[in-house]
file final.tsv (TSV, C-alpha atoms and all ligand atoms)
chain	number	residue	atom	x	y	z
A	1	MET	CA	0.00	0.00	0.00
A	2	SER	CA	1.38	3.45	-0.83
A	3	LYS	CA	1.93	6.02	1.89
A	4	LEU	CA	-0.83	8.21	0.42
A	5	THR	CA	-3.52	5.51	0.53
A	6	HIS	CA	-2.32	4.41	3.96
A	7	ASP	CA	-2.57	7.96	5.40
A	8	ILE	CA	-5.91	8.68	3.85
A	9	GLY	CA	-7.24	5.31	4.97
A	10	ALA	CA	-6.29	6.26	8.55
A	11	GLN	CA	-8.05	9.64	8.17
A	12	LEU	CA	-11.20	7.90	6.95
A	13	GLN	CA	-11.04	5.56	9.94
A	14	GLN	CA	-10.81	8.60	12.22
A	15	LEU	CA	-13.92	10.14	10.65
A	16	LYS	CA	-15.73	6.88	11.25
A	17	GLU	CA	-14.72	6.81	14.91
A	18	GLN	CA	-15.91	10.41	15.38
A	19	ALA	CA	-19.29	9.53	13.82
A	20	LEU	CA	-18.47	11.95	10.99
A	21	LEU	CA	-18.34	9.57	8.05
A	22	ARG	CA	-20.98	10.51	5.48
A	23	GLN	CA	-22.88	8.01	3.41
A	24	ARG	CA	-24.79	8.42	0.19
A	25	ARG	CA	-28.17	6.71	-0.01
A	26	ILE	CA	-29.62	5.49	-3.27
A	27	VAL	CA	-32.80	7.33	-4.15
A	28	ASP	CA	-35.05	5.80	-6.76
A	29	GLY	CA	-37.66	7.72	-8.76
A	30	PRO	CA	-38.51	11.42	-8.74
A	31	GLN	CA	-38.21	13.84	-5.82
A	32	GLY	CA	-41.25	14.44	-3.63
A	33	PRO	CA	-42.45	14.10	-0.01
A	34	LEU	CA	-42.42	10.30	-0.36
A	35	LEU	CA	-38.96	9.07	-1.30
A	36	SER	CA	-37.66	5.59	-2.00
A	37	ILE	CA	-34.30	5.52	-0.19
A	38	ASP	CA	-32.17	2.36	-0.25
A	39	GLY	CA	-35.25	0.44	-1.34
A	40	ARG	CA	-37.60	1.60	1.43
A	41	GLN	CA	-40.30	4.26	1.25
A	42	TYR	CA	-39.93	7.26	3.59
A	43	LEU	CA	-41.78	10.46	4.34
A	44	ALA	CA	-38.89	12.86	3.71
A	45	PHE	CA	-38.08	16.31	5.10
A	46	SER	CA	-34.66	16.57	3.55
A	47	SER	CA	-34.86	18.34	0.22
A	48	ASN	CA	-34.47	21.95	-0.88
A	49	ASP	CA	-37.40	21.54	-3.27
A	50	TYR	CA	-39.27	24.05	-1.11
A	51	LEU	CA	-42.18	24.58	-3.48
A	52	GLY	CA	-42.56	21.01	-4.70
A	53	LEU	CA	-41.64	21.88	-8.30
A	54	ALA	CA	-38.86	19.35	-8.96
A	55	ASN	CA	-41.30	16.88	-10.49
A	56	HIS	CA	-44.11	19.27	-11.46
A	57	PRO	CA	-45.86	18.25	-14.71
A	58	ALA	CA	-45.54	21.77	-16.17
A	59	LEU	CA	-41.75	21.69	-15.69
A	60	VAL	CA	-41.50	18.16	-17.07
A	61	ALA	CA	-43.53	19.18	-20.12
A	62	ALA	CA	-41.42	22.31	-20.66
A	63	ALA	CA	-38.23	20.23	-20.39
A	64	HIS	CA	-39.61	17.86	-23.04
A	65	GLU	CA	-40.46	20.80	-25.29
A	66	GLY	CA	-36.96	22.23	-24.77
A	67	LEU	CA	-35.50	18.86	-25.63
A	68	ARG	CA	-37.51	18.70	-28.82
A	69	ARG	CA	-36.52	22.22	-29.93
A	70	PHE	CA	-32.87	22.32	-28.84
A	71	GLY	CA	-31.62	18.77	-28.37
A	72	VAL	CA	-29.58	17.82	-25.33
A	73	GLY	CA	-26.14	19.39	-25.18
A	74	ALA	CA	-25.08	23.05	-25.54
A	75	ALA	CA	-21.79	21.82	-27.07
A	76	SER	CA	-19.63	24.84	-26.22
A	77	SER	CA	-19.21	27.66	-23.77
A	78	ALA	CA	-21.69	30.52	-23.95
A	79	LEU	CA	-19.04	32.87	-25.36
A	80	ILE	CA	-18.15	30.55	-28.26
A	81	SER	CA	-21.45	29.28	-29.69
A	82	GLY	CA	-23.35	27.82	-26.73
A	83	HIS	CA	-25.55	30.78	-25.72
A	84	SER	CA	-28.96	29.47	-26.72
A	85	SER	CA	-31.79	31.88	-27.45
A	86	ILE	CA	-33.72	30.25	-24.60
A	87	TYR	CA	-31.03	31.28	-22.08
A	88	GLU	CA	-31.18	34.83	-23.46
A	89	THR	CA	-34.95	34.75	-22.78
A	90	LEU	CA	-34.39	33.25	-19.33
A	91	GLU	CA	-31.82	35.88	-18.31
A	92	VAL	CA	-34.19	38.70	-19.27
A	93	ALA	CA	-37.07	37.00	-17.41
A	94	LEU	CA	-34.95	36.45	-14.27
A	95	ALA	CA	-33.78	40.08	-14.23
A	96	ASN	CA	-37.38	41.28	-14.55
A	97	PHE	CA	-38.56	38.86	-11.88
A	98	VAL	CA	-36.08	40.11	-9.26
A	99	GLY	CA	-36.41	43.72	-10.41
A	100	MET	CA	-32.82	44.28	-11.51
A	101	PRO	CA	-31.39	45.66	-14.75
A	102	ARG	CA	-29.62	42.54	-16.02
A	103	ALA	CA	-28.91	38.91	-15.12
A	104	LEU	CA	-26.31	36.30	-16.07
A	105	HIS	CA	-26.95	32.56	-15.85
A	106	PHE	CA	-24.40	30.12	-14.37
A	107	SER	CA	-24.47	26.33	-14.44
A	108	ASN	CA	-24.87	26.17	-10.63
A	109	GLY	CA	-24.56	28.23	-7.48
A	110	TYR	CA	-21.17	26.91	-6.47
A	111	MET	CA	-19.69	27.87	-9.82
A	112	ALA	CA	-21.41	31.26	-9.72
A	113	ASN	CA	-19.75	32.27	-6.46
A	114	LEU	CA	-16.38	30.83	-7.51
A	115	GLY	CA	-16.58	33.08	-10.56
A	116	ILE	CA	-18.18	36.24	-9.17
A	117	LEU	CA	-15.87	36.90	-6.21
A	118	PRO	CA	-12.51	36.72	-8.05
A	119	ALA	CA	-13.98	38.87	-10.86
A	120	LEU	CA	-14.98	41.63	-8.43
A	121	ALA	CA	-12.16	41.59	-5.87
A	122	GLY	CA	-8.44	40.84	-5.90
A	123	PRO	CA	-5.20	41.61	-4.06
A	124	GLY	CA	-5.53	45.00	-2.32
A	125	ASP	CA	-9.28	44.58	-1.86
A	126	THR	CA	-11.16	43.13	1.13
A	127	ILE	CA	-14.04	40.67	1.27
A	128	PHE	CA	-16.11	40.82	4.47
A	129	SER	CA	-17.92	37.55	5.11
A	130	ASP	CA	-20.49	36.35	7.65
A	131	ARG	CA	-19.19	33.51	9.84
A	132	LEU	CA	-21.98	31.17	8.67
A	133	ASN	CA	-21.70	31.80	4.94
A	134	HIS	CA	-21.94	28.88	2.55
A	135	ALA	CA	-18.73	27.06	1.58
A	136	CYS	CA	-18.76	28.38	-1.99
A	137	LEU	CA	-18.66	32.03	-0.86
A	138	ILE	CA	-15.64	31.17	1.28
A	139	ASP	CA	-13.94	29.30	-1.55
A	140	GLY	CA	-14.70	32.11	-4.01
A	141	ALA	CA	-13.18	34.63	-1.59
A	142	ARG	CA	-10.04	32.49	-1.21
A	143	LEU	CA	-9.71	32.17	-4.95
A	144	SER	CA	-9.88	35.97	-5.33
A	145	ARG	CA	-6.74	36.49	-3.21
A	146	ALA	CA	-8.41	39.55	-1.67
A	147	GLU	CA	-8.01	39.98	2.09
A	148	PHE	CA	-10.68	37.88	3.84
A	149	ARG	CA	-12.34	39.23	6.97
A	150	VAL	CA	-14.94	37.17	8.81
A	151	TYR	CA	-17.52	38.90	11.02
A	152	PRO	CA	-19.62	37.10	13.67
A	153	HIS	CA	-22.96	35.86	12.40
A	154	ASN	CA	-25.27	38.79	11.51
A	155	ASP	CA	-23.18	41.14	13.72
A	156	VAL	CA	-23.67	44.46	11.92
A	157	GLY	CA	-21.85	46.37	14.68
A	158	ARG	CA	-18.65	44.36	14.30
A	159	LEU	CA	-18.84	44.57	10.53
A	160	ALA	CA	-19.21	48.37	10.77
A	161	GLN	CA	-16.02	48.50	12.90
A	162	GLN	CA	-14.14	46.36	10.38
A	163	LEU	CA	-15.32	48.53	7.49
A	164	GLY	CA	-14.47	51.72	9.37
A	165	LYS	CA	-10.89	50.59	9.93
A	166	SER	CA	-10.38	49.20	6.45
A	167	ARG	CA	-8.05	51.11	4.09
A	168	SER	CA	-8.40	48.61	1.30
A	169	GLY	CA	-9.36	49.35	-2.31
A	170	ARG	CA	-12.69	47.70	-3.02
A	171	LYS	CA	-14.78	46.52	-0.10
A	172	LEU	CA	-17.17	43.68	-0.82
A	173	ILE	CA	-19.58	42.30	1.80
A	174	VAL	CA	-20.83	38.78	1.09
A	175	THR	CA	-23.69	37.05	2.85
A	176	ASP	CA	-26.23	34.30	2.50
A	177	GLY	CA	-29.70	35.88	2.25
A	178	VAL	CA	-31.15	32.93	4.19
A	179	PHE	CA	-28.56	30.87	6.09
A	180	SER	CA	-28.58	27.32	4.84
A	181	MET	CA	-28.24	25.43	8.14
A	182	ASP	CA	-30.10	27.84	10.48
A	183	GLY	CA	-32.81	29.25	8.24
A	184	ASP	CA	-32.52	32.81	9.55
A	185	LEU	CA	-32.24	35.93	7.37
A	186	ALA	CA	-29.29	38.29	6.97
A	187	PRO	CA	-29.92	41.88	8.15
A	188	LEU	CA	-29.97	43.06	4.55
A	189	ALA	CA	-31.32	46.58	5.15
A	190	GLU	CA	-28.49	47.30	7.61
A	191	LEU	CA	-25.94	45.78	5.24
A	192	VAL	CA	-27.12	47.97	2.35
A	193	ALA	CA	-26.89	51.03	4.64
A	194	LEU	CA	-23.32	50.06	5.58
A	195	CYS	CA	-22.44	49.79	1.89
A	196	GLU	CA	-23.64	53.32	1.32
A	197	ARG	CA	-21.80	54.68	4.35
A	198	HIS	CA	-18.50	52.91	3.60
A	199	ASP	CA	-18.50	52.87	-0.20
A	200	ALA	CA	-18.78	49.09	-0.19
A	201	TRP	CA	-20.66	46.50	-2.30
A	202	LEU	CA	-22.95	43.68	-1.24
A	203	LEU	CA	-23.30	40.22	-2.77
A	204	VAL	CA	-26.37	38.36	-1.48
A	205	ASP	CA	-26.44	34.59	-2.02
A	206	ASP	CA	-30.17	33.86	-1.90
A	207	ALA	CA	-30.04	30.11	-2.58
A	208	HIS	CA	-32.73	29.52	0.06
A	209	GLY	CA	-34.73	32.74	-0.35
A	210	PHE	CA	-35.33	32.79	-4.10
A	211	GLY	CA	-38.79	31.35	-4.83
A	212	VAL	CA	-39.70	31.25	-1.13
A	213	LEU	CA	-39.54	34.78	0.27
A	214	GLY	CA	-41.01	38.02	-1.01
A	215	PRO	CA	-44.03	38.64	-3.23
A	216	GLN	CA	-44.39	35.63	-5.58
A	217	GLY	CA	-41.04	34.37	-4.31
A	218	ARG	CA	-38.97	37.23	-5.72
A	219	GLY	CA	-36.41	36.69	-2.96
A	220	SER	CA	-35.13	38.15	0.30
A	221	LEU	CA	-34.38	41.63	-1.08
A	222	ALA	CA	-37.95	41.92	-2.35
A	223	HIS	CA	-39.17	40.48	0.96
A	224	LEU	CA	-37.58	43.47	2.71
A	225	GLY	CA	-38.47	45.94	-0.05
A	226	LEU	CA	-34.81	46.67	-0.76
A	227	SER	CA	-33.09	47.75	-3.91
A	228	SER	CA	-29.72	49.42	-4.40
A	229	PRO	CA	-27.22	49.71	-7.25
A	230	ARG	CA	-24.63	48.52	-4.73
A	231	VAL	CA	-26.23	45.08	-4.47
A	232	LEU	CA	-25.58	42.01	-6.57
A	233	TYR	CA	-28.22	39.33	-6.12
A	234	MET	CA	-27.31	35.68	-6.65
A	235	GLY	CA	-30.10	33.11	-6.76
A	236	THR	CA	-29.86	29.37	-7.34
A	237	LEU	CA	-32.27	27.44	-9.51
A	238	GLY	CA	-31.91	23.89	-8.18
A	239	LYS	CA	-33.75	24.48	-4.90
A	240	ALA	CA	-37.14	26.20	-4.77
A	241	ALA	CA	-37.02	26.69	-8.55
A	242	GLY	CA	-36.97	22.90	-8.91
A	243	VAL	CA	-34.43	22.54	-11.74
A	244	ALA	CA	-30.68	23.36	-11.66
A	245	GLY	CA	-28.42	26.35	-12.25
A	246	ALA	CA	-27.96	29.81	-10.80
A	247	PHE	CA	-27.94	33.45	-11.82
A	248	VAL	CA	-26.56	36.74	-10.68
A	249	ALA	CA	-28.49	39.97	-11.21
A	250	GLY	CA	-27.57	43.62	-10.74
A	251	ASP	CA	-26.22	46.73	-12.41
A	252	ALA	CA	-25.78	46.18	-16.17
A	253	VAL	CA	-22.12	47.25	-16.14
A	254	LEU	CA	-21.25	44.79	-13.37
A	255	ILE	CA	-23.09	41.98	-15.13
A	256	GLU	CA	-21.24	42.76	-18.37
A	257	TRP	CA	-17.96	42.59	-16.42
A	258	LEU	CA	-18.91	39.18	-14.99
A	259	LEU	CA	-19.77	37.94	-18.47
A	260	GLN	CA	-16.26	39.01	-19.58
A	261	ARG	CA	-14.29	37.94	-16.53
A	262	ALA	CA	-16.02	35.34	-14.33
A	263	ARG	CA	-13.86	32.32	-15.15
A	264	THR	CA	-16.55	29.80	-14.20
A	265	TYR	CA	-18.79	31.45	-16.79
A	266	VAL	CA	-16.23	31.85	-19.55
A	267	PHE	CA	-14.42	28.53	-19.35
A	268	THR	CA	-17.26	26.05	-18.97
A	269	THR	CA	-19.75	24.45	-21.33
A	270	ALA	CA	-23.12	26.21	-21.36
A	271	SER	CA	-25.97	24.36	-19.61
A	272	PRO	CA	-28.44	22.21	-21.58
A	273	PRO	CA	-31.18	24.42	-23.10
A	274	LEU	CA	-33.93	22.08	-21.88
A	275	LEU	CA	-33.17	23.30	-18.33
A	276	ALA	CA	-33.86	26.90	-19.36
A	277	SER	CA	-37.14	25.76	-20.85
A	278	ALA	CA	-38.13	24.16	-17.52
A	279	LEU	CA	-37.02	27.28	-15.63
A	280	LEU	CA	-39.26	29.52	-17.72
A	281	ALA	CA	-42.13	27.25	-16.63
A	282	THR	CA	-41.00	27.75	-13.01
A	283	LEU	CA	-41.18	31.54	-13.41
A	284	THR	CA	-44.72	31.24	-14.74
A	285	LEU	CA	-45.78	28.98	-11.84
A	286	LEU	CA	-44.23	31.31	-9.27
A	287	GLN	CA	-46.52	34.04	-10.53
A	288	THR	CA	-49.68	31.96	-10.96
A	289	GLU	CA	-49.55	29.47	-8.06
A	290	THR	CA	-48.83	31.74	-5.11
A	291	TRP	CA	-50.72	29.28	-2.88
A	292	ARG	CA	-47.45	27.35	-2.69
A	293	GLN	CA	-45.72	30.03	-0.61
A	294	GLN	CA	-48.85	30.44	1.55
A	295	HIS	CA	-49.15	26.71	2.24
A	296	LEU	CA	-45.45	26.57	3.10
A	297	ARG	CA	-45.89	29.40	5.64
A	298	GLN	CA	-48.79	27.46	7.18
A	299	LEU	CA	-46.64	24.33	7.55
A	300	ILE	CA	-43.84	26.35	9.14
A	301	ALA	CA	-46.24	27.69	11.81
A	302	GLN	CA	-47.65	24.19	12.39
A	303	LEU	CA	-44.17	22.74	12.96
A	304	GLN	CA	-43.12	25.57	15.28
A	305	ASN	CA	-46.23	25.12	17.42
A	306	GLY	CA	-45.85	21.34	17.44
A	307	LEU	CA	-42.21	21.33	18.58
A	308	ALA	CA	-42.50	24.15	21.14
A	309	GLY	CA	-42.30	21.95	24.27
A	310	LEU	CA	-39.17	19.93	23.42
A	311	PRO	CA	-35.92	19.87	25.43
A	312	TRP	CA	-34.07	20.91	22.25
A	313	THR	CA	-33.88	24.30	20.53
A	314	LEU	CA	-35.78	24.95	17.33
A	315	LEU	CA	-33.91	27.92	15.82
A	316	ASP	CA	-35.92	31.02	15.03
A	317	SER	CA	-36.69	30.87	11.30
A	318	GLU	CA	-39.47	32.10	9.05
A	319	THR	CA	-38.19	30.01	6.15
A	320	ALA	CA	-38.56	26.41	4.98
A	321	ILE	CA	-35.36	25.51	6.85
A	322	GLN	CA	-36.18	24.56	10.44
A	323	ALA	CA	-33.17	23.48	12.51
A	324	LEU	CA	-33.70	21.46	15.68
A	325	VAL	CA	-30.39	21.79	17.55
A	326	VAL	CA	-29.62	18.86	19.88
A	327	GLY	CA	-25.89	19.61	20.38
A	328	ASN	CA	-24.12	16.25	20.51
A	329	ASN	CA	-23.17	14.44	17.26
A	330	GLN	CA	-24.22	10.99	18.41
A	331	LEU	CA	-27.50	12.29	19.83
A	332	ALA	CA	-28.32	13.83	16.45
A	333	LEU	CA	-27.58	10.52	14.73
A	334	ASP	CA	-29.67	8.58	17.28
A	335	LEU	CA	-32.60	10.92	16.77
A	336	MET	CA	-32.31	10.57	13.01
A	337	ALA	CA	-32.22	6.75	13.41
A	338	ARG	CA	-35.37	6.72	15.56
A	339	LEU	CA	-37.25	8.79	13.02
A	340	ARG	CA	-36.01	6.51	10.27
A	341	GLU	CA	-37.44	3.51	12.12
A	342	ALA	CA	-40.74	5.37	12.12
A	343	GLY	CA	-40.46	5.77	8.32
A	344	ILE	CA	-39.46	9.45	8.40
A	345	TRP	CA	-36.32	10.79	6.77
A	346	VAL	CA	-34.75	13.91	8.29
A	347	PRO	CA	-31.01	14.49	7.94
A	348	ALA	CA	-28.75	14.95	10.96
A	349	ILE	CA	-26.21	17.70	10.27
A	350	ARG	CA	-22.88	17.62	12.08
A	351	PRO	CA	-19.60	19.53	12.08
A	352	PRO	CA	-17.87	20.69	9.97
A	353	THR	CA	-21.09	21.66	8.17
A	354	VAL	CA	-22.24	23.38	11.40
A	355	PRO	CA	-20.17	24.67	14.37
A	356	LYS	CA	-18.98	22.12	16.96
A	357	GLY	CA	-21.56	21.32	19.64
A	358	THR	CA	-24.52	22.35	17.46
A	359	ALA	CA	-25.36	19.06	15.73
A	360	ARG	CA	-28.95	19.18	14.63
A	361	LEU	CA	-31.81	17.83	12.59
A	362	ARG	CA	-32.26	20.00	9.53
A	363	ILE	CA	-35.95	19.76	8.80
A	364	SER	CA	-36.85	21.18	5.44
A	365	LEU	CA	-40.46	21.75	4.64
A	366	SER	CA	-41.98	21.94	1.19
A	367	ALA	CA	-45.26	23.15	-0.23
A	368	ALA	CA	-45.60	19.56	-1.45
A	369	HIS	CA	-46.05	18.35	2.15
A	370	SER	CA	-49.55	18.06	3.57
A	371	THR	CA	-50.55	19.21	7.06
A	372	ASP	CA	-51.09	15.49	7.89
A	373	GLN	CA	-47.52	14.70	6.93
A	374	VAL	CA	-46.17	17.51	9.10
A	375	ALA	CA	-48.36	16.25	11.97
A	376	GLN	CA	-46.75	12.80	11.52
A	377	LEU	CA	-43.31	14.36	11.76
A	378	ILE	CA	-44.21	16.29	14.93
A	379	ALA	CA	-45.63	13.16	16.58
A	380	ALA	CA	-42.53	11.11	15.71
A	381	ILE	CA	-40.11	13.73	17.05
A	382	CYS	CA	-42.10	14.11	20.28
A	383	ALA	CA	-42.19	10.32	20.74
A	384	ALA	CA	-38.43	10.12	20.16
A	385	ALA	CA	-37.79	12.93	22.63
A	386	ALA	CA	-39.87	11.13	25.28
A	387	ALA	CA	-38.03	7.84	24.67
A	388	MET	CA	-34.59	9.46	24.72
A	389	ALA	CA	-35.11	11.65	27.80
B	1	LIG	C1	-26.88	25.19	-2.28
B	1	LIG	C2	-26.16	26.48	-2.08
B	1	LIG	C3	-25.27	26.96	-3.03
B	1	LIG	C4	-24.84	26.13	-4.20
B	1	LIG	O1	-25.77	26.13	-5.20
B	1	LIG	P1	-25.80	24.90	-6.24
B	1	LIG	O2	-26.61	25.40	-7.35
B	1	LIG	O3	-26.40	23.76	-5.50
B	1	LIG	O4	-24.37	24.64	-6.62
B	1	LIG	C5	-24.75	28.22	-2.87
B	1	LIG	N1	-25.04	28.95	-1.78
B	1	LIG	C6	-25.86	28.51	-0.82
B	1	LIG	C7	-26.15	29.37	0.35
B	1	LIG	C8	-26.43	27.25	-0.95
B	1	LIG	O5	-27.24	26.78	0.02
call {"tool": "encode", "arguments": {"input": "final.tsv", "output": "structure tokens"}}
result
Amino acid sequence: MSKLTHDIGAQLQQLKEQALLRQRRIVDGPQGPLLSIDGRQYLAFSSNDYLGLANHPALVAAAHEGLRRFGVGAASSALISGHSSIYETLEVALANFVGMPRALHFSNGYMANLGILPALAGPGDTIFSDRLNHACLIDGARLSRAEFRVYPHNDVGRLAQQLGKSRSGRKLIVTDGVFSMDGDLAPLAELVALCERHDAWLLVDDAHGFGVLGPQGRGSLAHLGLSSPRVLYMGTLGKAAGVAGAFVAGDAVLIEWLLQRARTYVFTTASPPLLASALLATLTLLQTETWRQQHLRQLIAQLQNGLAGLPWTLLDSETAIQALVVGNNQLALDLMARLREAGIWVPAIRPPTVPKGTARLRISLSAAHSTDQVAQLIAAICAAAAAMA
């Protein structure tokens, strides 16, 4: 055995001993509240398909139509000959939907952030980042080689101090709009005000807000009634939008710059046109089936009421992400296992995805769930809590 495989084998063994080894499960069939996982049927609260669109007949039909008109592959990068007319239509529709001058489509959210940050900031500049930001914002910041300053979660006061002391060239604040493991919102109004006071820019990653928050799901900026030329809005299209991909919207000059310089846009094959076709169907549904957001809000209130008396902390969240923090890694796994025995699938999330000592169940609700299904989840968690006390 080589030294490399020996060392890595030992590291894997360590992960196993710390109950940190992750496992993929085989899912059969389409996404929905009932999932076939490793051959057994579960009631699942694990997906980011917050509006239940991932297998919606209108999206499936639009994907078929896109397939018929455009074939499968885009065959080259967008800047060579891969920019399909349907992506041009989608970018205009996305910009209109979020109320910004222009939008640029990326193949996914991770790639978007890896491309946007190095295009906007470099050596001599500073990126200010919330402690709980998603991994791809952190990686994008590292790739930029700008100075990287982390501020405590949602701590606008500390961020203001950091900005006040900064003598750097460009100042770029980056934040999740809705935090992916806690479900809370960034203080976007305060962040925009700081940008104006300190001549800084704000990039909002709204992976969990787009489609869910704001009128017709126009996102967390719309939810708070905010707009500013200093803000770039990044939304992903594989979660509430039910398909795949991402986009960034904002000032037309900045978007043109990203088109020229974001390396994950320039040097990658354009996405399959059939996905854009499905996404245009999503945008129509967001504007015609607003009952989805309303039903989701109802389920959130039902869950919060149902879990109020537990010995664990349900984090304060008005979004589809409801985190039940139990603390200990093994306890989180045991709770997950008990629910699984009851036929319910809720993922346990452990470090390094969340800070040490805050292992949790990440319950994600979807408009596709029924109130009966949420009642089943509440009953199973309460029964597990009683048995584990
Ligand atoms: C999921 C997620 C991403 C990555 O988006 P993909 O399209 O899945 O690559 C980026 N940011 C946040 C906050 C996310 O939760």
call {"tool": "residues_near_ligand", "arguments": {"input": "final.tsv", "ligand": "ligand LIG 1 (chain B)", "cutoff": "7 Å", "atoms": "only C-alpha atoms and all ligand atoms", "output": "ChimeraX atom specification"}}
result
/A:108-111,133-134,136,176,179-180,205-208,236-238,244-246
call {"tool": "closest_residue", "arguments": {"input": "final.tsv", "among": "A:Ser47, A:Ser168, A:Ser77, A:Gln13", "to": "Leu35 in chain A", "atoms": "all atoms listed in the file"}}
result
A:Ser47
call {"tool": "axis_aligned_box", "arguments": {"input": "final.tsv", "around": "range 248-263 of chain A", "padding_each_side": "3 Å", "output": "JSON"}}
result
{"center_x": -21.2, "center_y": 39.8, "center_z": -15.1, "size_x": 20.6, "size_y": 20.9, "size_z": 14.9}
call {"tool": "closest_residue", "arguments": {"input": "final.tsv", "among": "A:Asp182, A:Gly225, A:Glu289, A:Asp251", "to": "Val325 in chain A", "atoms": "only C-alpha atoms"}}
result
A:Asp182
call {"tool": "closest_residue", "arguments": {"input": "final.tsv", "among": "A:His198, A:Thr353, A:Val192, A:His6", "to": "Leu226 in chain A", "atoms": "all atoms listed in the file"}}
result
A:Val192
call {"tool": "residues_around", "arguments": {"input": "final.tsv", "residues": "Leu307 in chain A", "least_positions_apart": "3", "cutoff": "12 Å", "atoms": "all atoms listed in the file", "output": "list in words"}}
result
Ile300, Ala301, Gln302, Leu303, Gln304, Leu310, Pro311, Trp312, Thr313, Leu314, Leu315, Gln322, Ala323, Leu324, Val325, Ile363, Val374, Ala375, Gln376, Leu377, Ile378, Ala379, Ala380, Ile381, Cys382, Ala383, Ala384 and Ala385 of chain A
call {"tool": "residues_near_point", "arguments": {"input": "final.tsv", "point": "(-29.7, 33.6, 8.7)", "cutoff": "10 Å", "atoms": "all atoms listed in the file", "output": "list in words"}}
result
Asp130, Leu132, Asn133, His153, Asn154, Thr175, Asp176, Gly177, Val178, Phe179, Ser180, Met181, Asp182, Gly183, Asp184, Leu185, Ala186, Pro187, Asp316, Ser317, Glu318 and Thr319 of chain A
call {"tool": "write_last_selection", "arguments": {"input": "final.tsv", "atoms": "C-alpha atoms", "output": "PDB file, in the coordinates of the input"}}
result
ATOM      1  CA  ASP A 130     -20.490  36.350   7.650  1.00  0.00           C
ATOM      2  CA  LEU A 132     -21.980  31.170   8.670  1.00  0.00           C
ATOM      3  CA  ASN A 133     -21.700  31.800   4.940  1.00  0.00           C
ATOM      4  CA  HIS A 153     -22.960  35.860  12.400  1.00  0.00           C
ATOM      5  CA  ASN A 154     -25.270  38.790  11.510  1.00  0.00           C
ATOM      6  CA  THR A 175     -23.690  37.050   2.850  1.00  0.00           C
ATOM      7  CA  ASP A 176     -26.230  34.300   2.500  1.00  0.00           C
ATOM      8  CA  GLY A 177     -29.700  35.880   2.250  1.00  0.00           C
ATOM      9  CA  VAL A 178     -31.150  32.930   4.190  1.00  0.00           C
ATOM     10  CA  PHE A 179     -28.560  30.870   6.090  1.00  0.00           C
ATOM     11  CA  SER A 180     -28.580  27.320   4.840  1.00  0.00           C
ATOM     12  CA  MET A 181     -28.240  25.430   8.140  1.00  0.00           C
ATOM     13  CA  ASP A 182     -30.100  27.840  10.480  1.00  0.00           C
ATOM     14  CA  GLY A 183     -32.810  29.250   8.240  1.00  0.00           C
ATOM     15  CA  ASP A 184     -32.520  32.810   9.550  1.00  0.00           C
ATOM     16  CA  LEU A 185     -32.240  35.930   7.370  1.00  0.00           C
ATOM     17  CA  ALA A 186     -29.290  38.290   6.970  1.00  0.00           C
ATOM     18  CA  PRO A 187     -29.920  41.880   8.150  1.00  0.00           C
ATOM     19  CA  ASP A 316     -35.920  31.020  15.030  1.00  0.00           C
ATOM     20  CA  SER A 317     -36.690  30.870  11.300  1.00  0.00           C
ATOM     21  CA  GLU A 318     -39.470  32.100   9.050  1.00  0.00           C
ATOM     22  CA  THR A 319     -38.190  30.010   6.150  1.00  0.00           C
TER      23      THR A 319
END
call {"tool": "residues_around", "arguments": {"input": "final.tsv", "residues": "Arg197 in chain A", "least_positions_apart": "5", "cutoff": "10 Å", "atoms": "all atoms listed in the file", "output": "PyMOL selection string"}}
result
chain A and resi 160+163-164+191-192
